[in-house]
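In what follows, a structure is listed as structure tokens, so that the remarks can point back to it.
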Protein chains: 2
Amino acid sequence: MDGTATARVADSVYERLREKIFTGELAPGARLSVPALAESLEVSRSPVRDAVLHLVQDRLAREEPRRGAVVARIGAAELAAIYEVREVLEGLAARLAVENAGRRLVRALHEVLAEHERAVRTADIAATTEADMRFHSLVREASGNAEVIRLLDEVQTQVRLAMRTTTVTAGPRHAIDDHRAILTAIESGDPFAAEQAARAHIFRLRTVLLRQADEGA
Amino acid sequence: MDGTATARVADSVYERLREKIFTGELAPGARLSVPALAESLEVSRSPVRDAVLHLVQDRLAREEPRRGAVVARIGAAELAAIYEVREVLEGLAARLAVENAGRRLVRALHEVLAEHERAVRTADIAATTEADMRFHSLVREASGNAEVIRLLDEVQTQVRLAMRTTTVTAGPRHAIDDHRAILTAIESGDPFAAEQAARAHIFRLRTVLLRQADEGA
DNA sequence: GTATATTGGATTGCATGTAGGCTTCGCCTG
DNA sequence: CAGGCGAAGCCTACATGCAATCCAATATAC
């Protein structure tokens with residue numbers, strides 16, 4: 001009946017660990033010792049064990065042979081592979097969004113885009129990231145395909161984790177231009193054009209990522 | 001050191017349950033009672049619990065509010081959504097396969113295709129399914145992208161489960177024609193053509209699925 | 001000083017106990 | 001005979017015990 005249908009301790013531990021990973025309190029490579037976490041979180045080992053298994057399933061942690069789980073470390077090569085997948089999924093989401101959605105979506109996207117521009121002008125990094133994510137989020141929600149939504153959420157999770165190490169900035173200007181192109185395609189009602197625009201956007205991000213990785217190496 | 005790096009009881013239970021689900025011994029909707037399974041499999045409740053959680057994460061089971069987990073039931077609408085995703089992922093895999101792979105892949109695909117034709121001629125359903133799956137498996141392994149491989153494995157798992165209920169047969173002939181077209185595109189070395197061919201194949205399957213669902217309803 | 005053996009500490013993975021809550025079945029009442 | 005009430009059973013989720021194992025640090029031998 002309440003919004004938090006999550007009375008389970010294990011779920012709460014899972015969320016807390018997730019947060020610690022995204023804030024960097026648990027950095028990539030950090031060991032996830034069940035007894036240690038149980039003590040620090042003041043719960044028993046059982047729910048912690050469940051939560052850690054869940055993190056592993058979500059690819060936020062990896063099982064090291066006999067040393068338990070550690071927070072996942074996502075390298076540039078892996079991230080590039082993820083972006084290849086993301087490219088086609090975002091393309092699909094955009095195409096489906098055009099087929100499904102109406103004026104409501106277009107208006108919402110316009111608003112987010114305006115917010116995005118404002119954030120960039122004022123050099124508000126947090127708001128910029130927020131608006132960027134929100135744009136993609138709106139499109140994929142509008143796809144009406146639960147699988148695409150779930151998979152893109154997974155992808156976003158991976159990307160967020162990777163950002164702890166690498167940074168992919170196509171340059172805020174470029175991002176806005178790309179988003180505007182996607183919005184234009186959606187407005188035109190051409191599913192194929194929307195797919196292409198969305199794919200091009202992610203393709204560009206991936207290119208930037210690879211270039212930065214080369215320079216870094 | 002041995003092939004079965006799986007000394008863990010929980011993993012073995014997971015595999016056994018998976019098998020029971022695919023063989024239909026555990027039909028969609030069947031309850032996965034941890035104590036009951038523990039007794040029937042002759043292990044304690046702990047590894048069974050872990051295995052069931054794993055099944056839920058893999059979407060082979062669903063958590064019902066307060067009744068524990070049940071084997072997932074995948075309807076036609078859900079399956080159609082999965083096929084939309086599969087379409088773009090298979091397209092991506094085919095494109096990457098062209099970019100990566102060489103003569104080795106082409107030869108292997110030719111062999112599988114020949115096997116596929118033989119199986120269809122002799123009306124060997126099991127062998128037909130096997131060859132069909134093998135073709136797709138070869139292509140995605142050749143993609144060299146771990147994410148695509150993982151996601152398509154997931155998709156295949158879902159499809160196998162759905163087959164317990166629905167059957168998607170585009171007609172064995174059609175499947176071979178489609179596969180041949182994909183192989184031709186791969187041989188020609190045109191990544192874009194390969195992507196299109198692979199997508200068209202899955203798109204056709206999805207269309208057939210939806211038509212059958214309509215007729216069934 | 002370096003390489004090796006050994007011991008200690010800690011962790012994983014499995015087993016089992018237990019409380020709270022839901023479902024279901026049977027019984028009683030109207 | 002129908003509907004509601006109550007009790008019993010089962011299950012989930014959490015807590016905790018325990019053996020086997022692995023890693024690290026230290027001591028020892030050369």
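Letters A, B, ... go to the chains of the structure tokens in the order shown; residues in each chain start at 1; ligands are counted from 1 in the same order.
The protein and nucleic acid residues lying at most 10 Å from DC18 in chain D are DC14 and DA15 of chain C; DT16 and DA20 of chain D, with only C-alpha atoms (C1' of nucleotides) considered and sequence neighbours fewer than 2 positions away removed.
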Please produce an output containing N, CA, C and O atoms (P, O5', C5', C4', C3', O3' and C1' of nucleotides) for each residue in the selection, written as a CSV table (one decimal), in the first residue's frame.
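Below you can see out.csv, which holds the result:
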```
chain,number,residue,atom,x,y,z
C,14,DC,P,27.1,-23.3,-1.2
C,14,DC,O5',26.7,-24.1,0.1
C,14,DC,C5',27.4,-25.2,0.5
C,14,DC,C4',26.9,-25.6,1.9
C,14,DC,C3',25.4,-25.9,2.0
C,14,DC,O3',25.3,-27.2,2.6
C,14,DC,C1',26.1,-24.5,3.7
C,15,DA,P,23.8,-27.8,2.8
C,15,DA,O5',23.6,-27.5,4.4
C,15,DA,C5',24.6,-28.0,5.3
C,15,DA,C4',24.1,-27.8,6.7
C,15,DA,C3',22.6,-28.1,7.0
C,15,DA,O3',22.5,-28.8,8.2
C,15,DA,C1',23.0,-25.8,7.6
D,16,DT,P,21.7,-12.8,15.8
D,16,DT,O5',22.5,-14.2,15.7
D,16,DT,C5',21.8,-15.4,16.1
D,16,DT,C4',22.5,-16.6,15.7
D,16,DT,C3',24.0,-16.6,15.8
D,16,DT,O3',24.3,-17.8,16.5
D,16,DT,C1',23.4,-17.5,13.7
D,20,DA,P,35.7,-30.0,7.8
D,20,DA,O5',36.1,-29.2,6.5
D,20,DA,C5',35.2,-29.0,5.5
D,20,DA,C4',35.7,-27.9,4.5
D,20,DA,C3',37.1,-28.0,4.2
D,20,DA,O3',37.3,-27.9,2.8
D,20,DA,C1',36.7,-25.9,5.0
```
- Based on DSSP run over this structure's backbone, return all residues of chain B in helix (DSSP H, G or I), as a count of residues only. 158
Do me a favour and pick out the residues of chain C within 10 Å of chain A, using only C-alpha atoms (C1' of nucleotides), as a PDB file with N, CA, C and O atoms (P, O5', C5', C4', C3', O3' and C1' of nucleotides), in the first residue's frame.
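Result file is part12.pdb:
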```
ATOM      1  P    DA C  10      40.677 -11.374  12.577  1.00  0.00           P
ATOM      2  O5'  DA C  10      40.036 -11.530  11.138  1.00  0.00           O
ATOM      3  C5'  DA C  10      40.867 -11.385   9.980  1.00  0.00           C
ATOM      4  C4'  DA C  10      40.152 -11.942   8.776  1.00  0.00           C
ATOM      5  C3'  DA C  10      38.631 -11.778   8.836  1.00  0.00           C
ATOM      6  O3'  DA C  10      38.162 -11.341   7.582  1.00  0.00           O
ATOM      7  C1'  DA C  10      39.186 -14.041   8.461  1.00  0.00           C
ATOM      8  P    DT C  11      36.650 -10.830   7.406  1.00  0.00           P
ATOM      9  O5'  DT C  11      36.200 -11.658   6.123  1.00  0.00           O
ATOM     10  C5'  DT C  11      37.183 -12.064   5.188  1.00  0.00           C
ATOM     11  C4'  DT C  11      36.613 -13.138   4.301  1.00  0.00           C
ATOM     12  C3'  DT C  11      35.093 -13.088   4.194  1.00  0.00           C
ATOM     13  O3'  DT C  11      34.682 -13.161   2.839  1.00  0.00           O
ATOM     14  C1'  DT C  11      35.791 -15.250   4.894  1.00  0.00           C
ATOM     15  P    DT C  12      33.175 -13.010   2.450  1.00  0.00           P
ATOM     16  O5'  DT C  12      32.904 -14.384   1.683  1.00  0.00           O
ATOM     17  C5'  DT C  12      33.928 -14.915   0.859  1.00  0.00           C
ATOM     18  C4'  DT C  12      33.703 -16.390   0.621  1.00  0.00           C
ATOM     19  C3'  DT C  12      32.275 -16.735   0.204  1.00  0.00           C
ATOM     20  O3'  DT C  12      32.298 -17.611  -0.906  1.00  0.00           O
ATOM     21  C1'  DT C  12      32.878 -17.987   2.130  1.00  0.00           C
TER      22       DT C  12
END
```
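Within range 1-206 of chain B, DSSP run on the backbone puts these residues in strand (DSSP E or B): Arg31, Leu32, Ala61, Arg62, Glu63, Glu64, Gly68, Ala69, Val70 and Val71 of chain B.
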Per residue of chain B within 12 Å of chain A, which atom pair is closest and at what distance in Å (one decimal), using only C-alpha atoms, listed by chain and increasing number, as JSON lines?
```
{"residue": "B:Met1", "atom": "CA", "partner": "A:Pro65", "partner_atom": "CA", "distance": 12.0}
{"residue": "B:Ala5", "atom": "CA", "partner": "A:Pro65", "partner_atom": "CA", "distance": 9.5}
{"residue": "B:Thr6", "atom": "CA", "partner": "A:Pro65", "partner_atom": "CA", "distance": 10.7}
{"residue": "B:Ala7", "atom": "CA", "partner": "A:Arg66", "partner_atom": "CA", "distance": 11.5}
{"residue": "B:Arg8", "atom": "CA", "partner": "A:Arg66", "partner_atom": "CA", "distance": 11.4}
{"residue": "B:Ala10", "atom": "CA", "partner": "A:Leu53", "partner_atom": "CA", "distance": 11.9}
{"residue": "B:Ser46", "atom": "CA", "partner": "A:Ser46", "partner_atom": "CA", "distance": 9.9}
{"residue": "B:Pro47", "atom": "CA", "partner": "A:Asp50", "partner_atom": "CA", "distance": 11.6}
{"residue": "B:Arg49", "atom": "CA", "partner": "A:Asp50", "partner_atom": "CA", "distance": 9.5}
{"residue": "B:Asp50", "atom": "CA", "partner": "A:Asp50", "partner_atom": "CA", "distance": 7.8}
{"residue": "B:Ala51", "atom": "CA", "partner": "A:Leu53", "partner_atom": "CA", "distance": 10.6}
{"residue": "B:Val52", "atom": "CA", "partner": "A:Asp50", "partner_atom": "CA", "distance": 11.4}
{"residue": "B:Leu53", "atom": "CA", "partner": "A:Asp50", "partner_atom": "CA", "distance": 8.4}
{"residue": "B:His54", "atom": "CA", "partner": "A:Gln57", "partner_atom": "CA", "distance": 7.9}
{"residue": "B:Leu55", "atom": "CA", "partner": "A:Gln57", "partner_atom": "CA", "distance": 10.6}
{"residue": "B:Val56", "atom": "CA", "partner": "A:His54", "partner_atom": "CA", "distance": 10.4}
{"residue": "B:Gln57", "atom": "CA", "partner": "A:Gln57", "partner_atom": "CA", "distance": 6.9}
{"residue": "B:Asp58", "atom": "CA", "partner": "A:Gln57", "partner_atom": "CA", "distance": 8.6}
{"residue": "B:Arg59", "atom": "CA", "partner": "A:Glu147", "partner_atom": "CA", "distance": 11.2}
{"residue": "B:Pro65", "atom": "CA", "partner": "A:Ala5", "partner_atom": "CA", "distance": 9.4}
{"residue": "B:Arg66", "atom": "CA", "partner": "A:Ala5", "partner_atom": "CA", "distance": 11.2}
{"residue": "B:Ala77", "atom": "CA", "partner": "A:Asn145", "partner_atom": "CA", "distance": 9.8}
{"residue": "B:Glu78", "atom": "CA", "partner": "A:Ala146", "partner_atom": "CA", "distance": 8.1}
{"residue": "B:Leu79", "atom": "CA", "partner": "A:Glu147", "partner_atom": "CA", "distance": 9.6}
{"residue": "B:Ala80", "atom": "CA", "partner": "A:Asn145", "partner_atom": "CA", "distance": 9.3}
{"residue": "B:Ala81", "atom": "CA", "partner": "A:Asn145", "partner_atom": "CA", "distance": 5.8}
{"residue": "B:Ile82", "atom": "CA", "partner": "A:Glu147", "partner_atom": "CA", "distance": 6.2}
{"residue": "B:Tyr83", "atom": "CA", "partner": "A:Glu147", "partner_atom": "CA", "distance": 9.5}
{"residue": "B:Glu84", "atom": "CA", "partner": "A:Leu92", "partner_atom": "CA", "distance": 8.0}
{"residue": "B:Val85", "atom": "CA", "partner": "A:Val148", "partner_atom": "CA", "distance": 6.5}
{"residue": "B:Arg86", "atom": "CA", "partner": "A:Leu89", "partner_atom": "CA", "distance": 9.9}
{"residue": "B:Glu87", "atom": "CA", "partner": "A:Leu92", "partner_atom": "CA", "distance": 9.3}
{"residue": "B:Val88", "atom": "CA", "partner": "A:Val88", "partner_atom": "CA", "distance": 6.0}
{"residue": "B:Leu89", "atom": "CA", "partner": "A:Val88", "partner_atom": "CA", "distance": 7.1}
{"residue": "B:Glu90", "atom": "CA", "partner": "A:Val88", "partner_atom": "CA", "distance": 10.1}
{"residue": "B:Gly91", "atom": "CA", "partner": "A:Val88", "partner_atom": "CA", "distance": 8.7}
{"residue": "B:Leu92", "atom": "CA", "partner": "A:Val88", "partner_atom": "CA", "distance": 7.2}
{"residue": "B:Ala93", "atom": "CA", "partner": "A:Val85", "partner_atom": "CA", "distance": 9.3}
{"residue": "B:Arg95", "atom": "CA", "partner": "A:Glu84", "partner_atom": "CA", "distance": 10.9}
{"residue": "B:Leu96", "atom": "CA", "partner": "A:Glu84", "partner_atom": "CA", "distance": 9.5}
{"residue": "B:Ser143", "atom": "CA", "partner": "A:Ala81", "partner_atom": "CA", "distance": 10.3}
{"residue": "B:Gly144", "atom": "CA", "partner": "A:Ala81", "partner_atom": "CA", "distance": 9.0}
{"residue": "B:Asn145", "atom": "CA", "partner": "A:Ala81", "partner_atom": "CA", "distance": 5.8}
{"residue": "B:Ala146", "atom": "CA", "partner": "A:Ala81", "partner_atom": "CA", "distance": 7.2}
{"residue": "B:Glu147", "atom": "CA", "partner": "A:Ile82", "partner_atom": "CA", "distance": 6.2}
{"residue": "B:Val148", "atom": "CA", "partner": "A:Val85", "partner_atom": "CA", "distance": 6.5}
{"residue": "B:Ile149", "atom": "CA", "partner": "A:Val85", "partner_atom": "CA", "distance": 10.2}
{"residue": "B:Arg150", "atom": "CA", "partner": "A:Val85", "partner_atom": "CA", "distance": 10.8}
{"residue": "B:Leu151", "atom": "CA", "partner": "A:Leu151", "partner_atom": "CA", "distance": 8.8}
{"residue": "B:Leu152", "atom": "CA", "partner": "A:Val85", "partner_atom": "CA", "distance": 10.9}
{"residue": "B:Glu154", "atom": "CA", "partner": "A:Leu151", "partner_atom": "CA", "distance": 11.0}
{"residue": "B:Val155", "atom": "CA", "partner": "A:Glu147", "partner_atom": "CA", "distance": 9.9}
{"residue": "B:Gln158", "atom": "CA", "partner": "A:Glu147", "partner_atom": "CA", "distance": 11.2}
{"residue": "B:Glu195", "atom": "CA", "partner": "A:Val88", "partner_atom": "CA", "distance": 10.9}
{"residue": "B:Arg199", "atom": "CA", "partner": "A:Val88", "partner_atom": "CA", "distance": 11.4}
```
Considering only C-alpha atoms (C1' of nucleotides), extract the chain D residues located within 9 Å of chain A and return them as a JSON list (two decimals) with N, CA, C and O atoms (P, O5', C5', C4', C3', O3' and C1' of nucleotides), in the first residue's frame.
```json
[["chain", "number", "residue", "atom", "x", "y", "z"],
["D", 13, "DA", "P", 11.08, -13.42, 0.76],
["D", 13, "DA", "O5'", 11.77, -12.92, 2.10],
["D", 13, "DA", "C5'", 11.00, -12.15, 3.01],
["D", 13, "DA", "C4'", 11.75, -12.02, 4.32],
["D", 13, "DA", "C3'", 13.23, -11.69, 4.15],
["D", 13, "DA", "O3'", 13.56, -10.63, 5.03],
["D", 13, "DA", "C1'", 12.99, -13.57, 5.55],
["D", 14, "DC", "P", 14.98, -9.97, 4.95],
["D", 14, "DC", "O5'", 15.61, -10.38, 6.36],
["D", 14, "DC", "C5'", 14.87, -10.10, 7.53],
["D", 14, "DC", "C4'", 15.46, -10.85, 8.71],
["D", 14, "DC", "C3'", 16.96, -10.68, 8.92],
["D", 14, "DC", "O3'", 17.17, -10.20, 10.24],
["D", 14, "DC", "C1'", 16.35, -12.96, 9.05],
["D", 15, "DA", "P", 18.66, -9.90, 10.77],
["D", 15, "DA", "O5'", 18.98, -11.19, 11.63],
["D", 15, "DA", "C5'", 18.12, -11.55, 12.68],
["D", 15, "DA", "C4'", 18.67, -12.76, 13.43],
["D", 15, "DA", "C3'", 20.17, -12.68, 13.75],
["D", 15, "DA", "O3'", 20.37, -13.03, 15.11],
["D", 15, "DA", "C1'", 19.69, -14.68, 12.56],
["D", 16, "DT", "P", 21.75, -12.78, 15.82],
["D", 16, "DT", "O5'", 22.47, -14.20, 15.69],
["D", 16, "DT", "C5'", 21.78, -15.37, 16.13],
["D", 16, "DT", "C4'", 22.47, -16.62, 15.66],
["D", 16, "DT", "C3'", 24.01, -16.64, 15.82],
["D", 16, "DT", "O3'", 24.34, -17.80, 16.55],
["D", 16, "DT", "C1'", 23.36, -17.47, 13.73],
["D", 21, "DT", "P", 38.70, -28.01, 2.03],
["D", 21, "DT", "O5'", 39.02, -26.50, 1.66],
["D", 21, "DT", "C5'", 37.94, -25.61, 1.37],
["D", 21, "DT", "C4'", 38.47, -24.20, 1.26],
["D", 21, "DT", "C3'", 39.94, -24.12, 0.82],
["D", 21, "DT", "O3'", 40.03, -23.19, -0.23],
["D", 21, "DT", "C1'", 39.60, -22.82, 2.76],
["D", 22, "DC", "P", 41.26, -23.26, -1.26],
["D", 22, "DC", "O5'", 41.69, -21.73, -1.33],
["D", 22, "DC", "C5'", 40.66, -20.73, -1.24],
["D", 22, "DC", "C4'", 41.19, -19.51, -0.52],
["D", 22, "DC", "C3'", 42.61, -19.11, -0.90],
["D", 22, "DC", "O3'", 42.63, -17.76, -1.34],
["D", 22, "DC", "C1'", 42.35, -19.14, 1.46],
["D", 23, "DC", "P", 43.88, -17.22, -2.14],
["D", 23, "DC", "O5'", 44.37, -16.04, -1.18],
["D", 23, "DC", "C5'", 43.40, -15.16, -0.63],
["D", 23, "DC", "C4'", 44.03, -14.35, 0.49],
["D", 23, "DC", "C3'", 45.43, -13.83, 0.18],
["D", 23, "DC", "O3'", 45.48, -12.43, 0.42],
["D", 23, "DC", "C1'", 45.42, -15.06, 2.25]]
```
- Query: Near range 27-29 of chain D, within 12 Å and counting only C-alpha atoms (C1' of nucleotides), which residues show up once chain neighbours fewer than 6 positions away are dropped, as a ChimeraX atom specification?
  - Reply: /C:2-7
- Task: Would you mind listing what lies within 12 Å of DG3 in chain D as a ChimeraX atom specification, with only C-alpha atoms (C1' of nucleotides) counted and same-chain residues fewer than 5 positions away left out?
- Result: /C:28-30
Residues just named, written with all heavy atoms as a JSON list (two decimals), in the first residue's frame:
```
[["chain", "number", "residue", "atom", "x", "y", "z"],
["C", 28, "DC", "P", -18.11, -26.84, 14.96],
["C", 28, "DC", "OP1", -17.64, -27.39, 16.25],
["C", 28, "DC", "OP2", -19.02, -27.65, 14.11],
["C", 28, "DC", "O5'", -18.80, -25.44, 15.23],
["C", 28, "DC", "C5'", -17.97, -24.31, 15.52],
["C", 28, "DC", "C4'", -18.66, -23.04, 15.05],
["C", 28, "DC", "O4'", -18.62, -22.96, 13.62],
["C", 28, "DC", "C3'", -20.13, -22.95, 15.44],
["C", 28, "DC", "O3'", -20.38, -21.69, 16.04],
["C", 28, "DC", "C2'", -20.88, -23.12, 14.13],
["C", 28, "DC", "C1'", -19.88, -22.52, 13.14],
["C", 28, "DC", "N1", -20.04, -23.00, 11.75],
["C", 28, "DC", "C2", -20.15, -22.04, 10.71],
["C", 28, "DC", "O2", -20.12, -20.84, 10.98],
["C", 28, "DC", "N3", -20.30, -22.49, 9.43],
["C", 28, "DC", "C4", -20.34, -23.81, 9.18],
["C", 28, "DC", "N4", -20.47, -24.19, 7.92],
["C", 28, "DC", "C5", -20.22, -24.79, 10.21],
["C", 28, "DC", "C6", -20.08, -24.33, 11.47],
["C", 29, "DT", "P", -21.68, -21.48, 16.97],
["C", 29, "DT", "OP1", -21.21, -20.98, 18.28],
["C", 29, "DT", "OP2", -22.52, -22.68, 16.90],
["C", 29, "DT", "O5'", -22.42, -20.29, 16.23],
["C", 29, "DT", "C5'", -21.66, -19.14, 15.80],
["C", 29, "DT", "C4'", -22.37, -18.45, 14.65],
["C", 29, "DT", "O4'", -22.31, -19.25, 13.45],
["C", 29, "DT", "C3'", -23.86, -18.17, 14.90],
["C", 29, "DT", "O3'", -24.14, -16.82, 14.60],
["C", 29, "DT", "C2'", -24.58, -19.10, 13.94],
["C", 29, "DT", "C1'", -23.57, -19.19, 12.81],
["C", 29, "DT", "N1", -23.69, -20.40, 11.95],
["C", 29, "DT", "C2", -23.78, -20.20, 10.60],
["C", 29, "DT", "O2", -23.77, -19.12, 10.07],
["C", 29, "DT", "N3", -23.89, -21.38, 9.88],
["C", 29, "DT", "C4", -23.92, -22.67, 10.37],
["C", 29, "DT", "O4", -24.01, -23.63, 9.63],
["C", 29, "DT", "C5", -23.82, -22.78, 11.81],
["C", 29, "DT", "C7", -23.84, -24.14, 12.47],
["C", 29, "DT", "C6", -23.71, -21.65, 12.53],
["C", 30, "DG", "P", -25.34, -16.06, 15.25],
["C", 30, "DG", "OP1", -24.80, -14.88, 15.95],
["C", 30, "DG", "OP2", -26.15, -17.05, 15.98],
["C", 30, "DG", "O5'", -26.17, -15.55, 14.00],
["C", 30, "DG", "C5'", -25.49, -14.85, 12.95],
["C", 30, "DG", "C4'", -26.27, -14.98, 11.66],
["C", 30, "DG", "O4'", -26.14, -16.32, 11.15],
["C", 30, "DG", "C3'", -27.78, -14.73, 11.80],
["C", 30, "DG", "O3'", -28.20, -13.85, 10.77],
["C", 30, "DG", "C2'", -28.41, -16.10, 11.64],
["C", 30, "DG", "C1'", -27.41, -16.78, 10.73],
["C", 30, "DG", "N9", -27.39, -18.23, 10.83],
["C", 30, "DG", "C8", -27.36, -18.99, 11.98],
["C", 30, "DG", "N7", -27.35, -20.27, 11.75],
["C", 30, "DG", "C5", -27.39, -20.38, 10.36],
["C", 30, "DG", "C6", -27.41, -21.53, 9.53],
["C", 30, "DG", "O6", -27.39, -22.71, 9.88],
["C", 30, "DG", "N1", -27.45, -21.18, 8.19],
["C", 30, "DG", "C2", -27.47, -19.89, 7.70],
["C", 30, "DG", "N2", -27.51, -19.75, 6.39],
["C", 30, "DG", "N3", -27.46, -18.80, 8.47],
["C", 30, "DG", "C4", -27.42, -19.13, 9.79]]
```
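Nearest residue to Arg31 in chain A among A:Asp132, A:Glu115, A:Asp177, A:Glu63 is A:Glu63, counting only C-alpha atoms.
From C1' of DC22 in chain C back to C1' of DC11 in chain D, the distance works out to 8.6 Å.
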- Message: Restricting the calculation to only C-alpha atoms: of A:Met163, A:Val13, A:Val98, A:Ala119, which residue gets closest to Pro28 in chain A?
- Response: A:Met163
- Item | Polymer residues at most 12 Å from DG9 in chain D, only C-alpha atoms (C1' of nucleotides), same-chain spacing of 6 or more positions, as a list in words | DC22, DT23, DT24 and DC25 of chain C
Got a sec: who's within 8 Å of Phe135 in chain A, counting only C-alpha atoms (C1' of nucleotides), leaving out chain neighbours fewer than 5 positions off, as an mmCIF file with N, CA and C atoms, in the first residue's frame?
```
data_model
loop_
_atom_site.group_PDB
_atom_site.id
_atom_site.type_symbol
_atom_site.label_atom_id
_atom_site.label_comp_id
_atom_site.auth_asym_id
_atom_site.auth_seq_id
_atom_site.Cartn_x
_atom_site.Cartn_y
_atom_site.Cartn_z
ATOM 1 N N LEU A 109 9.943 17.016 -23.928
ATOM 2 C CA LEU A 109 11.323 17.026 -24.414
ATOM 3 C C LEU A 109 11.806 18.455 -24.653
ATOM 4 N N VAL A 112 12.738 19.918 -21.307
ATOM 5 C CA VAL A 112 14.014 19.406 -20.800
ATOM 6 C C VAL A 112 15.168 20.025 -21.581
ATOM 7 N N LEU A 113 14.981 20.154 -22.873
ATOM 8 C CA LEU A 113 16.039 20.722 -23.706
ATOM 9 C C LEU A 113 16.323 22.171 -23.287
ATOM 10 N N HIS A 179 20.769 16.227 -29.089
ATOM 11 C CA HIS A 179 19.427 16.058 -28.543
ATOM 12 C C HIS A 179 18.402 16.822 -29.386
#
```
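Between CA of Phe192 in chain B and CA of Ala181 in chain A the separation is 22.5 Å.
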Residues at most 9 Å from Ala193 in chain B, counting only C-alpha atoms (C1' of nucleotides), excluding those fewer than 5 positions away in the same chain, as a PDB file with all heavy atoms, in the first residue's frame?
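Output contents, as saved in around16.pdb:
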```
ATOM      1  N   ARG B  95      26.564  -7.116 -37.615  1.00  0.00           N
ATOM      2  CA  ARG B  95      27.458  -6.058 -38.113  1.00  0.00           C
ATOM      3  C   ARG B  95      28.852  -6.224 -37.534  1.00  0.00           C
ATOM      4  O   ARG B  95      29.854  -6.182 -38.254  1.00  0.00           O
ATOM      5  CB  ARG B  95      26.890  -4.686 -37.745  1.00  0.00           C
ATOM      6  CG  ARG B  95      27.825  -3.543 -38.061  1.00  0.00           C
ATOM      7  CD  ARG B  95      27.108  -2.211 -38.169  1.00  0.00           C
ATOM      8  NE  ARG B  95      26.439  -1.796 -36.947  1.00  0.00           N
ATOM      9  CZ  ARG B  95      27.044  -1.165 -35.942  1.00  0.00           C
ATOM     10  NH1 ARG B  95      28.341  -0.896 -36.028  1.00  0.00           N
ATOM     11  NH2 ARG B  95      26.382  -0.822 -34.874  1.00  0.00           N
ATOM     12  N   ILE B 182      21.540 -13.744 -44.551  1.00  0.00           N
ATOM     13  CA  ILE B 182      22.480 -13.181 -43.578  1.00  0.00           C
ATOM     14  C   ILE B 182      23.899 -13.608 -43.919  1.00  0.00           C
ATOM     15  O   ILE B 182      24.834 -12.794 -43.951  1.00  0.00           O
ATOM     16  CB  ILE B 182      22.121 -13.641 -42.151  1.00  0.00           C
ATOM     17  CG1 ILE B 182      20.765 -13.063 -41.734  1.00  0.00           C
ATOM     18  CG2 ILE B 182      23.197 -13.195 -41.162  1.00  0.00           C
ATOM     19  CD1 ILE B 182      20.229 -13.616 -40.420  1.00  0.00           C
ATOM     20  N   ALA B 185      25.299 -11.802 -46.848  1.00  0.00           N
ATOM     21  CA  ALA B 185      25.700 -10.435 -46.496  1.00  0.00           C
ATOM     22  C   ALA B 185      27.026 -10.444 -45.743  1.00  0.00           C
ATOM     23  O   ALA B 185      27.905  -9.608 -45.986  1.00  0.00           O
ATOM     24  CB  ALA B 185      24.616  -9.771 -45.643  1.00  0.00           C
ATOM     25  N   ILE B 186      27.181 -11.406 -44.857  1.00  0.00           N
ATOM     26  CA  ILE B 186      28.435 -11.499 -44.106  1.00  0.00           C
ATOM     27  C   ILE B 186      29.591 -11.787 -45.058  1.00  0.00           C
ATOM     28  O   ILE B 186      30.654 -11.174 -44.983  1.00  0.00           O
ATOM     29  CB  ILE B 186      28.344 -12.601 -43.022  1.00  0.00           C
ATOM     30  CG1 ILE B 186      27.364 -12.173 -41.918  1.00  0.00           C
ATOM     31  CG2 ILE B 186      29.715 -12.884 -42.421  1.00  0.00           C
ATOM     32  CD1 ILE B 186      27.153 -13.206 -40.825  1.00  0.00           C
ATOM     33  N   SER B 188      29.802 -11.056 -48.099  1.00  0.00           N
ATOM     34  CA  SER B 188      30.095  -9.910 -48.959  1.00  0.00           C
ATOM     35  C   SER B 188      30.922  -8.862 -48.222  1.00  0.00           C
ATOM     36  O   SER B 188      31.443  -7.935 -48.834  1.00  0.00           O
ATOM     37  CB  SER B 188      28.790  -9.280 -49.441  1.00  0.00           C
ATOM     38  OG  SER B 188      28.247  -8.475 -48.405  1.00  0.00           O
ATOM     39  N   ALA B 198      20.022  -9.415 -40.738  1.00  0.00           N
ATOM     40  CA  ALA B 198      19.736 -10.013 -39.434  1.00  0.00           C
ATOM     41  C   ALA B 198      18.471  -9.405 -38.847  1.00  0.00           C
ATOM     42  O   ALA B 198      17.625 -10.106 -38.274  1.00  0.00           O
ATOM     43  CB  ALA B 198      20.921  -9.821 -38.499  1.00  0.00           C
TER      44      ALA B 198
END
```
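If you measure from each of A:Ala61, A:Ala76, A:Leu17, A:Met133 to Ser40 in chain A using only C-alpha atoms, the closest one turns out to be A:Leu17.
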